[in-house]
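Text of query_25.cif, listed as mmCIF, C-alpha atoms and all ligand atoms:
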data_protein
loop_
_atom_site.label_atom_id
_atom_site.label_comp_id
_atom_site.auth_asym_id
_atom_site.auth_seq_id
_atom_site.Cartn_x
_atom_site.Cartn_y
_atom_site.Cartn_z
CA MET O 770 54.67 152.11 120.48
CA LYS O 771 56.93 151.05 123.40
CA LYS O 772 55.02 150.30 126.61
CA LEU O 773 56.01 152.41 129.62
CA ASP O 774 57.61 150.65 132.57
CA LYS O 775 55.27 151.28 135.51
CA ILE O 776 56.04 148.02 137.31
CA PHE O 777 57.07 149.62 140.59
CA THR O 778 54.35 152.31 140.72
CA GLY O 779 51.02 152.22 142.53
CA ASP O 780 49.84 150.19 145.44
CA ILE O 781 52.31 147.37 146.07
CA LYS O 782 51.83 145.40 149.28
CA GLU O 783 55.04 143.40 149.23
CA ILE O 784 58.18 143.68 147.12
CA VAL O 785 59.02 140.26 145.73
CA ASP O 786 62.22 139.13 143.99
CA PHE O 787 62.63 140.51 140.47
CA LYS O 788 61.87 138.06 137.63
CA PHE O 789 62.21 138.32 133.86
CA ASP O 790 58.55 137.38 133.42
CA GLU O 791 55.83 138.53 131.03
CA LYS O 792 55.20 141.80 132.90
CA VAL O 793 58.88 142.72 132.55
CA ALA O 794 59.22 141.43 128.97
CA ASN O 795 56.30 143.64 127.89
CA VAL O 796 57.97 146.86 129.07
CA PHE O 797 61.60 145.78 128.73
CA GLU O 798 62.62 148.19 125.96
CA ASP O 799 61.48 151.16 128.05
CA MET O 800 63.02 149.67 131.19
CA LEU O 801 66.42 149.25 129.53
CA ARG O 802 66.36 152.71 127.92
CA ARG O 803 65.58 154.41 131.23
CA SER O 804 67.55 152.14 133.59
CA ILE O 805 70.82 151.43 131.79
CA PRO O 806 72.88 154.54 131.15
CA GLY O 807 74.51 154.29 127.73
CA TYR O 808 72.46 151.23 126.72
CA SER O 809 72.15 152.23 123.05
CA THR O 810 75.92 152.83 122.87
CA ILE O 811 76.64 149.43 124.42
CA ILE O 812 74.40 147.69 121.90
CA ALA O 813 75.79 149.62 118.91
CA VAL O 814 79.41 149.02 119.93
CA THR O 815 78.69 145.32 120.49
CA GLY O 816 77.81 145.27 116.77
CA MET O 817 80.95 147.25 115.96
CA PHE O 818 83.22 144.82 117.84
CA ALA O 819 81.49 141.85 116.21
CA GLU O 820 82.05 143.40 112.78
CA LYS O 821 85.78 143.54 113.50
CA PHE O 822 86.36 140.33 115.45
CA ALA O 823 83.90 137.81 113.97
CA GLN O 824 85.79 135.11 112.10
CA PRO O 825 84.44 133.22 109.06
CA GLU O 826 82.58 129.95 109.73
CA THR O 827 82.30 130.50 113.50
CA ASN O 828 79.57 130.81 116.10
CA ILE O 829 78.60 134.10 117.72
CA TYR O 830 76.86 133.85 121.11
CA ASP O 831 74.53 136.34 122.80
CA LEU O 832 74.09 134.92 126.32
CA GLY O 833 71.13 136.38 128.22
CA CYS O 834 69.81 137.88 125.01
CA SER O 835 66.44 139.13 126.34
CA LEU O 836 64.78 140.73 123.30
CA GLY O 837 67.82 140.03 121.12
CA ALA O 838 69.20 143.57 120.92
CA SER O 839 72.87 142.53 120.87
CA ALA O 840 72.22 139.63 118.48
CA LEU O 841 70.39 141.94 116.07
CA SER O 842 73.09 144.61 116.31
CA MET O 843 75.75 141.99 115.46
CA GLN O 844 73.61 140.51 112.69
CA GLN O 845 73.53 143.95 111.00
CA LYS O 846 77.29 144.38 111.12
CA ILE O 847 78.95 140.99 110.58
CA LYS O 848 80.13 140.53 106.99
CA GLN O 849 82.27 137.40 107.44
CA PRO O 850 80.81 134.34 105.65
CA GLY O 851 79.37 131.32 107.43
CA CYS O 852 78.67 132.91 110.83
CA LYS O 853 75.72 131.84 112.93
CA ILE O 854 74.36 133.73 115.95
CA ILE O 855 73.11 131.70 118.91
CA ALA O 856 71.02 133.83 121.28
CA VAL O 857 70.25 132.21 124.62
CA ASP O 858 67.89 133.14 127.45
CA ASN O 859 66.05 131.16 130.10
CA SER O 860 62.97 133.41 130.04
CA PRO O 861 60.37 132.08 127.58
CA GLN O 862 58.54 135.43 127.70
CA MET O 863 61.68 137.30 126.63
CA LEU O 864 62.36 134.81 123.85
CA GLN O 865 58.78 135.02 122.59
CA ARG O 866 59.24 138.77 122.10
CA ALA O 867 62.77 138.31 120.71
CA LYS O 868 61.30 136.00 118.06
CA ASP O 869 59.11 138.85 116.72
CA PHE O 870 62.18 141.08 116.31
CA VAL O 871 64.25 138.30 114.73
CA ASP O 872 61.44 137.31 112.34
CA ASN O 873 61.15 140.93 111.18
CA SER O 874 64.87 141.43 110.62
CA LYS O 875 65.93 141.85 107.01
CA PHE O 876 69.54 140.81 107.63
CA GLN O 877 70.83 137.44 106.46
CA ILE O 878 72.97 135.86 109.18
CA PRO O 879 70.86 133.23 110.94
CA ILE O 880 69.92 133.85 114.57
CA GLU O 881 68.97 130.75 116.52
CA LEU O 882 66.98 131.51 119.68
CA VAL O 883 67.61 128.97 122.42
CA GLU O 884 65.68 128.68 125.68
CA GLN O 885 68.30 127.47 128.13
CA ASP O 886 70.25 128.38 131.21
CA VAL O 887 73.49 130.01 130.04
CA THR O 888 75.44 127.81 132.44
CA LYS O 889 74.22 124.74 130.51
CA VAL O 890 75.05 125.98 127.00
CA ASN O 891 77.96 124.42 125.10
CA ILE O 892 80.23 127.10 123.69
CA THR O 893 82.10 125.85 120.64
CA ASN O 894 84.00 127.42 117.74
CA ALA O 895 83.07 130.91 119.00
CA SER O 896 84.75 134.05 117.71
CA VAL O 897 82.45 136.44 119.65
CA VAL O 898 80.64 135.83 122.94
CA VAL O 899 78.45 138.55 124.46
CA LEU O 900 77.35 138.64 128.08
CA ASN O 901 75.56 141.97 128.30
CA LEU O 902 74.11 142.56 131.78
CA THR O 903 73.61 138.83 132.40
CA LEU O 904 76.52 137.43 134.45
CA GLN O 905 75.28 139.54 137.38
CA PHE O 906 72.16 137.31 137.47
CA VAL O 907 74.11 134.02 137.40
CA SER O 908 74.79 132.67 140.89
CA PRO O 909 78.24 133.83 141.99
CA GLU O 910 79.60 130.31 142.55
CA LYS O 911 78.90 129.44 138.89
CA ARG O 912 80.52 132.52 137.35
CA LEU O 913 84.12 131.34 137.16
CA ASN O 914 83.08 128.06 135.47
CA GLN O 915 80.90 130.00 133.06
CA LEU O 916 83.76 132.31 132.06
CA GLU O 917 86.19 129.37 131.87
CA LYS O 918 83.80 127.56 129.54
CA ILE O 919 83.57 130.67 127.36
CA TYR O 920 87.35 131.03 127.27
CA ARG O 921 87.74 127.39 126.22
CA GLY O 922 85.05 127.73 123.52
CA LEU O 923 86.63 130.81 121.95
CA THR O 924 88.85 130.56 118.89
CA SER O 925 92.29 132.18 118.99
CA LYS O 926 91.77 136.00 118.93
CA GLY O 927 88.10 135.46 119.72
CA ILE O 928 86.47 138.01 122.06
CA LEU O 929 84.21 138.20 125.06
CA ILE O 930 82.18 141.38 125.54
CA LEU O 931 81.14 141.54 129.19
CA THR O 932 78.83 144.33 130.36
CA GLU O 933 77.94 144.49 134.04
CA LYS O 934 76.72 146.69 136.82
CA VAL O 935 79.63 146.68 139.28
CA LYS O 936 80.43 147.70 142.80
CA TYR O 937 83.59 149.58 143.74
CA SER O 938 85.85 148.35 146.53
CA ASP O 939 86.32 151.94 147.70
CA GLU O 940 83.14 152.43 149.71
CA SER O 941 82.81 156.17 149.32
CA LEU O 942 83.38 155.93 145.55
CA ASN O 943 80.77 153.17 145.49
CA GLU O 944 78.28 155.40 147.28
CA ARG O 945 78.94 158.37 144.99
CA GLN O 946 78.56 156.26 141.85
CA SER O 947 75.36 154.64 143.14
CA GLU O 948 73.91 158.03 144.00
CA SER O 949 74.74 159.35 140.53
CA TYR O 950 73.04 156.29 139.07
CA TYR O 951 69.88 156.88 141.11
CA ASP O 952 69.96 160.53 140.02
CA PHE O 953 70.15 159.30 136.43
CA LYS O 954 67.09 157.09 136.95
CA GLU O 955 65.18 160.01 138.44
CA PHE O 956 66.28 162.16 135.50
CA MET O 957 64.85 159.43 133.22
CA GLY O 958 61.45 159.74 134.90
CA TYR O 959 61.44 157.15 137.68
CA SER O 960 60.31 158.33 141.11
CA ARG O 961 62.49 157.79 144.19
CA LEU O 962 59.87 155.28 145.40
CA GLU O 963 60.08 153.27 142.16
CA ILE O 964 63.88 153.36 142.37
CA SER O 965 63.96 152.10 145.93
CA ARG O 966 61.33 149.39 145.29
CA LYS O 967 63.28 148.09 142.30
CA ARG O 968 66.51 148.10 144.30
CA ASP O 969 64.79 145.94 146.95
CA ALA O 970 63.39 143.58 144.30
CA LEU O 971 66.86 143.09 142.82
CA GLU O 972 68.69 142.71 146.10
CA ASN O 973 68.68 138.89 146.18
CA VAL O 974 68.83 138.22 142.45
CA MET O 975 71.44 140.63 141.10
CA ILE O 976 74.73 140.12 142.96
CA LEU O 977 77.46 142.48 141.83
CA ASP O 978 81.17 141.77 141.54
CA SER O 979 83.70 144.56 141.84
CA LEU O 980 85.33 145.94 138.72
CA GLU O 981 88.76 144.91 140.03
CA TYR O 982 87.55 141.33 140.55
CA HIS O 983 86.09 141.16 137.02
CA LEU O 984 89.35 142.33 135.46
CA GLU O 985 91.54 140.07 137.59
CA ARG O 986 89.39 136.99 136.94
CA LEU O 987 89.49 137.49 133.15
CA LYS O 988 93.26 138.02 133.18
CA LYS O 989 93.77 134.88 135.31
CA LEU O 990 91.70 132.87 132.84
CA GLY O 991 94.29 133.71 130.19
CA PHE O 992 92.74 136.49 128.11
CA SER O 993 95.61 138.36 126.49
CA ARG O 994 93.88 141.75 126.44
CA VAL O 995 91.29 142.86 129.00
CA ASP O 996 90.13 146.44 128.45
CA VAL O 997 87.31 148.51 129.90
CA TRP O 998 85.93 150.23 126.81
CA PHE O 999 82.89 151.86 128.45
CA GLN O 1000 82.15 153.09 131.95
CA ILE O 1001 79.44 155.27 133.40
CA PHE O 1002 78.56 155.43 137.10
CA ASN O 1003 78.49 151.77 138.20
CA PHE O 1004 78.16 150.24 134.73
CA VAL O 1005 81.12 148.96 132.76
CA SER O 1006 81.68 147.09 129.57
CA ILE O 1007 84.86 145.08 129.02
CA ILE O 1008 86.34 143.58 125.89
CA ALA O 1009 88.53 140.54 126.54
CA VAL O 1010 90.55 139.04 123.68
CA LYS O 1011 91.79 135.42 123.80
C1 LIG C 1101 69.37 142.52 131.91
S1 LIG C 1101 68.84 141.31 130.85
C2 LIG C 1101 70.05 141.30 129.55
C3 LIG C 1101 69.85 142.34 128.52
C4 LIG C 1101 70.31 141.97 127.15
N1 LIG C 1101 71.56 141.24 127.13
C5 LIG C 1101 70.44 143.23 126.32
O1 LIG C 1101 71.54 143.66 126.09
O2 LIG C 1101 69.40 143.79 125.96
C6 LIG C 1101 69.26 139.80 131.60
C7 LIG C 1101 68.72 138.62 130.80
O3 LIG C 1101 69.42 137.46 131.21
C8 LIG C 1101 68.51 136.40 131.34
N2 LIG C 1101 69.10 135.46 132.30
C9 LIG C 1101 69.42 135.67 133.59
N3 LIG C 1101 70.00 134.59 134.13
C10 LIG C 1101 70.06 133.67 133.14
C11 LIG C 1101 70.57 132.35 133.05
N4 LIG C 1101 71.13 131.75 134.11
N5 LIG C 1101 70.45 131.69 131.87
C12 LIG C 1101 69.89 132.28 130.79
N6 LIG C 1101 69.40 133.54 130.81
C13 LIG C 1101 69.49 134.23 131.97
C14 LIG C 1101 67.21 137.03 131.80
O4 LIG C 1101 66.10 136.23 131.49
C15 LIG C 1101 67.24 138.35 131.04
O5 LIG C 1101 66.55 138.27 129.82
#

Could you express the structure from this file as structure tokens?
Amino acid sequence: MKKLDKIFTGDIKEIVDFKFDEKVANVFEDMLRRSIPGYSTIIAVTGMFAEKFAQPETNIYDLGCSLGASALSMQQKIKQPGCKIIAVDNSPQMLQRAKDFVDNSKFQIPIELVEQDVTKVNITNASVVVLNLTLQFVSPEKRLNQLEKIYRGLTSKGILILTEKVKYSDESLNERQSESYYDFKEFMGYSRLEISRKRDALENVMILDSLEYHLERLKKLGFSRVDVWFQIFNFVSIIAVK
């Protein structure tokens, strides 16, 4: 039974910065389902892209893996021989829970769980790299290096799947999309108070780039194809092919 996310309910004296700690890890499935519009589609299609683009005898990375949803989705779908999935997160509490899911998986491709900062991970011989809802938590000044490192570590025709919450440069569009997103969260059962408390908790830790900036940066790095394949409100997922 999935535990309900009630983190921002009740009597809270002070809103502190959001952390991927034990409290969050324990309710994370419910939090993702109710906070990320289209989450199950993003995870399923991550598996679909991996099925198509994984190359034999290469590494597949899930950076900021949390409970391992993307890694497990790719593990189910990849048929190419000799692939290994490396799932990285710097939250021990998330990885502890991810380990239960990985241990119970009946699929064969090995998943190595690594506790590390994604900015410190070596990316080598990679045909698929996934950054689902993680780059937004990496400090902005480290993002270009991180993406550069991924580009360098990808094989020819290797892919990056990048899913992010974004802001729009057009302010009124940005406001409309944000409002629709908050409506979605209310529709999913969060109160307006919970929504505003969480927004405050994320303010200093989740810094959004604009969609235009994401696309431009990936093109400048040299990716030959940079396509938005999914977009809802202020969430987008991009596939970039080397
Ligand atoms: C929103 S969750 C990602 C969700 C996950 N990719 C999925 O699709 O279910 C962000 C994750 O990134 C991790 N994270 C944030 N910054 C990180 C960093 N610098 N290095 C490693 N992990 C990081 C957090 O611990 C958290 O588990």

Site check for ligand LIG 1101 (chain C): residues at most 8 Å away, only C-alpha atoms and all ligand atoms, as a VMD selection string: chain O and resid 788 to 790 801 808 811 to 812 831 to 839 857 to 860 863 884 to 888 899 to 908

What does the structure give for the distance between CA of Glu933 (chain O) and CA of Leu977 (chain O), in Å to one decimal? 8.1 Å

Need the axis-aligned box for region 820-835 of chain O with 6 Å each side, so what are the centre and edges in Å to one decimal, as JSON?
{"center_x": 76.4, "center_y": 136.7, "center_z": 118.6, "size_x": 31.9, "size_y": 25.6, "size_z": 31.2}

How many Å lie between CA of Ile930 (chain O) and CA of Lys792 (chain O), rounded to one decimal? 28.0 Å

In Å and to one decimal, CA of Glu791 (chain O) is distant from CA of Leu916 (chain O) by 28.6 Å

Using all atoms listed in the file for the distances, tell me which of O:Leu913, O:Ile805, O:Leu984, O:Met957 is nearest to Asn1003 (chain O). O:Ile805

Completed region 860-893 of chain O (N, CA and C atoms) as a PDB file, in the coordinates of the input:
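What ended up in rebuild-v8.pdb:
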ATOM      1  N   SER O 860      64.326 132.876 129.860  1.00  0.00           N
ATOM      2  CA  SER O 860      62.970 133.410 130.040  1.00  0.00           C
ATOM      3  C   SER O 860      62.165 133.211 128.759  1.00  0.00           C
ATOM      4  N   PRO O 861      61.164 132.317 128.787  1.00  0.00           N
ATOM      5  CA  PRO O 861      60.370 132.080 127.580  1.00  0.00           C
ATOM      6  C   PRO O 861      59.656 133.353 127.109  1.00  0.00           C
ATOM      7  N   GLN O 862      59.269 134.193 128.063  1.00  0.00           N
ATOM      8  CA  GLN O 862      58.540 135.430 127.700  1.00  0.00           C
ATOM      9  C   GLN O 862      59.448 136.394 126.937  1.00  0.00           C
ATOM     10  N   MET O 863      60.715 136.465 127.359  1.00  0.00           N
ATOM     11  CA  MET O 863      61.680 137.300 126.630  1.00  0.00           C
ATOM     12  C   MET O 863      61.886 136.736 125.230  1.00  0.00           C
ATOM     13  N   LEU O 864      62.077 135.418 125.150  1.00  0.00           N
ATOM     14  CA  LEU O 864      62.360 134.810 123.850  1.00  0.00           C
ATOM     15  C   LEU O 864      61.184 134.931 122.891  1.00  0.00           C
ATOM     16  N   GLN O 865      59.975 134.866 123.430  1.00  0.00           N
ATOM     17  CA  GLN O 865      58.780 135.020 122.590  1.00  0.00           C
ATOM     18  C   GLN O 865      58.808 136.392 121.900  1.00  0.00           C
ATOM     19  N   ARG O 866      59.170 137.412 122.677  1.00  0.00           N
ATOM     20  CA  ARG O 866      59.240 138.770 122.100  1.00  0.00           C
ATOM     21  C   ARG O 866      60.462 138.902 121.182  1.00  0.00           C
ATOM     22  N   ALA O 867      61.565 138.260 121.564  1.00  0.00           N
ATOM     23  CA  ALA O 867      62.770 138.310 120.710  1.00  0.00           C
ATOM     24  C   ALA O 867      62.452 137.719 119.338  1.00  0.00           C
ATOM     25  N   LYS O 868      61.637 136.677 119.324  1.00  0.00           N
ATOM     26  CA  LYS O 868      61.300 136.000 118.060  1.00  0.00           C
ATOM     27  C   LYS O 868      60.638 136.984 117.088  1.00  0.00           C
ATOM     28  N   ASP O 869      59.762 137.852 117.600  1.00  0.00           N
ATOM     29  CA  ASP O 869      59.110 138.850 116.720  1.00  0.00           C
ATOM     30  C   ASP O 869      60.161 139.749 116.065  1.00  0.00           C
ATOM     31  N   PHE O 870      61.134 140.200 116.867  1.00  0.00           N
ATOM     32  CA  PHE O 870      62.180 141.080 116.310  1.00  0.00           C
ATOM     33  C   PHE O 870      63.035 140.328 115.288  1.00  0.00           C
ATOM     34  N   VAL O 871      63.393 139.096 115.628  1.00  0.00           N
ATOM     35  CA  VAL O 871      64.250 138.300 114.730  1.00  0.00           C
ATOM     36  C   VAL O 871      63.496 137.999 113.434  1.00  0.00           C
ATOM     37  N   ASP O 872      62.229 137.631 113.551  1.00  0.00           N
ATOM     38  CA  ASP O 872      61.440 137.310 112.340  1.00  0.00           C
ATOM     39  C   ASP O 872      61.311 138.518 111.416  1.00  0.00           C
ATOM     40  N   ASN O 873      61.315 139.716 111.998  1.00  0.00           N
ATOM     41  CA  ASN O 873      61.150 140.930 111.180  1.00  0.00           C
ATOM     42  C   ASN O 873      62.466 141.527 110.694  1.00  0.00           C
ATOM     43  N   SER O 874      63.583 140.874 111.045  1.00  0.00           N
ATOM     44  CA  SER O 874      64.870 141.430 110.620  1.00  0.00           C
ATOM     45  C   SER O 874      65.112 141.107 109.151  1.00  0.00           C
ATOM     46  N   LYS O 875      65.690 142.088 108.441  1.00  0.00           N
ATOM     47  CA  LYS O 875      65.930 141.850 107.010  1.00  0.00           C
ATOM     48  C   LYS O 875      67.370 141.380 106.757  1.00  0.00           C
ATOM     49  N   PHE O 876      68.138 141.212 107.821  1.00  0.00           N
ATOM     50  CA  PHE O 876      69.540 140.810 107.630  1.00  0.00           C
ATOM     51  C   PHE O 876      69.645 139.288 107.542  1.00  0.00           C
ATOM     52  N   GLN O 877      70.767 138.836 106.928  1.00  0.00           N
ATOM     53  CA  GLN O 877      70.830 137.440 106.460  1.00  0.00           C
ATOM     54  C   GLN O 877      71.370 136.423 107.468  1.00  0.00           C
ATOM     55  N   ILE O 878      72.313 136.854 108.311  1.00  0.00           N
ATOM     56  CA  ILE O 878      72.970 135.860 109.180  1.00  0.00           C
ATOM     57  C   ILE O 878      71.929 135.198 110.086  1.00  0.00           C
ATOM     58  N   PRO O 879      71.898 133.870 110.116  1.00  0.00           N
ATOM     59  CA  PRO O 879      70.860 133.230 110.940  1.00  0.00           C
ATOM     60  C   PRO O 879      71.044 133.500 112.436  1.00  0.00           C
ATOM     61  N   ILE O 880      69.912 133.734 113.099  1.00  0.00           N
ATOM     62  CA  ILE O 880      69.920 133.850 114.570  1.00  0.00           C
ATOM     63  C   ILE O 880      69.067 132.705 115.106  1.00  0.00           C
ATOM     64  N   GLU O 881      69.710 131.842 115.880  1.00  0.00           N
ATOM     65  CA  GLU O 881      68.970 130.750 116.520  1.00  0.00           C
ATOM     66  C   GLU O 881      68.653 131.169 117.952  1.00  0.00           C
ATOM     67  N   LEU O 882      67.377 131.149 118.309  1.00  0.00           N
ATOM     68  CA  LEU O 882      66.980 131.510 119.680  1.00  0.00           C
ATOM     69  C   LEU O 882      66.872 130.233 120.504  1.00  0.00           C
ATOM     70  N   VAL O 883      67.563 130.205 121.620  1.00  0.00           N
ATOM     71  CA  VAL O 883      67.610 128.970 122.420  1.00  0.00           C
ATOM     72  C   VAL O 883      67.135 129.266 123.841  1.00  0.00           C
ATOM     73  N   GLU O 884      66.133 128.511 124.286  1.00  0.00           N
ATOM     74  CA  GLU O 884      65.680 128.680 125.680  1.00  0.00           C
ATOM     75  C   GLU O 884      66.486 127.746 126.563  1.00  0.00           C
ATOM     76  N   GLN O 885      67.410 128.293 127.292  1.00  0.00           N
ATOM     77  CA  GLN O 885      68.300 127.470 128.130  1.00  0.00           C
ATOM     78  C   GLN O 885      68.995 128.338 129.172  1.00  0.00           C
ATOM     79  N   ASP O 886      69.427 127.696 130.227  1.00  0.00           N
ATOM     80  CA  ASP O 886      70.250 128.380 131.210  1.00  0.00           C
ATOM     81  C   ASP O 886      71.646 128.585 130.581  1.00  0.00           C
ATOM     82  N   VAL O 887      72.185 129.773 130.684  1.00  0.00           N
ATOM     83  CA  VAL O 887      73.490 130.010 130.040  1.00  0.00           C
ATOM     84  C   VAL O 887      74.592 129.107 130.606  1.00  0.00           C
ATOM     85  N   THR O 888      74.415 128.669 131.843  1.00  0.00           N
ATOM     86  CA  THR O 888      75.440 127.810 132.440  1.00  0.00           C
ATOM     87  C   THR O 888      75.406 126.394 131.845  1.00  0.00           C
ATOM     88  N   LYS O 889      74.353 126.097 131.089  1.00  0.00           N
ATOM     89  CA  LYS O 889      74.220 124.740 130.510  1.00  0.00           C
ATOM     90  C   LYS O 889      74.569 124.726 129.012  1.00  0.00           C
ATOM     91  N   VAL O 890      74.834 125.899 128.452  1.00  0.00           N
ATOM     92  CA  VAL O 890      75.050 125.980 127.000  1.00  0.00           C
ATOM     93  C   VAL O 890      76.482 125.571 126.655  1.00  0.00           C
ATOM     94  N   ASN O 891      76.614 124.745 125.609  1.00  0.00           N
ATOM     95  CA  ASN O 891      77.960 124.420 125.100  1.00  0.00           C
ATOM     96  C   ASN O 891      78.450 125.583 124.259  1.00  0.00           C
ATOM     97  N   ILE O 892      79.664 126.030 124.510  1.00  0.00           N
ATOM     98  CA  ILE O 892      80.230 127.100 123.690  1.00  0.00           C
ATOM     99  C   ILE O 892      81.316 126.468 122.826  1.00  0.00           C
ATOM    100  N   THR O 893      81.105 126.468 121.528  1.00  0.00           N
ATOM    101  CA  THR O 893      82.100 125.850 120.640  1.00  0.00           C
ATOM    102  C   THR O 893      82.378 126.757 119.457  1.00  0.00           C
TER     103      THR O 893
END
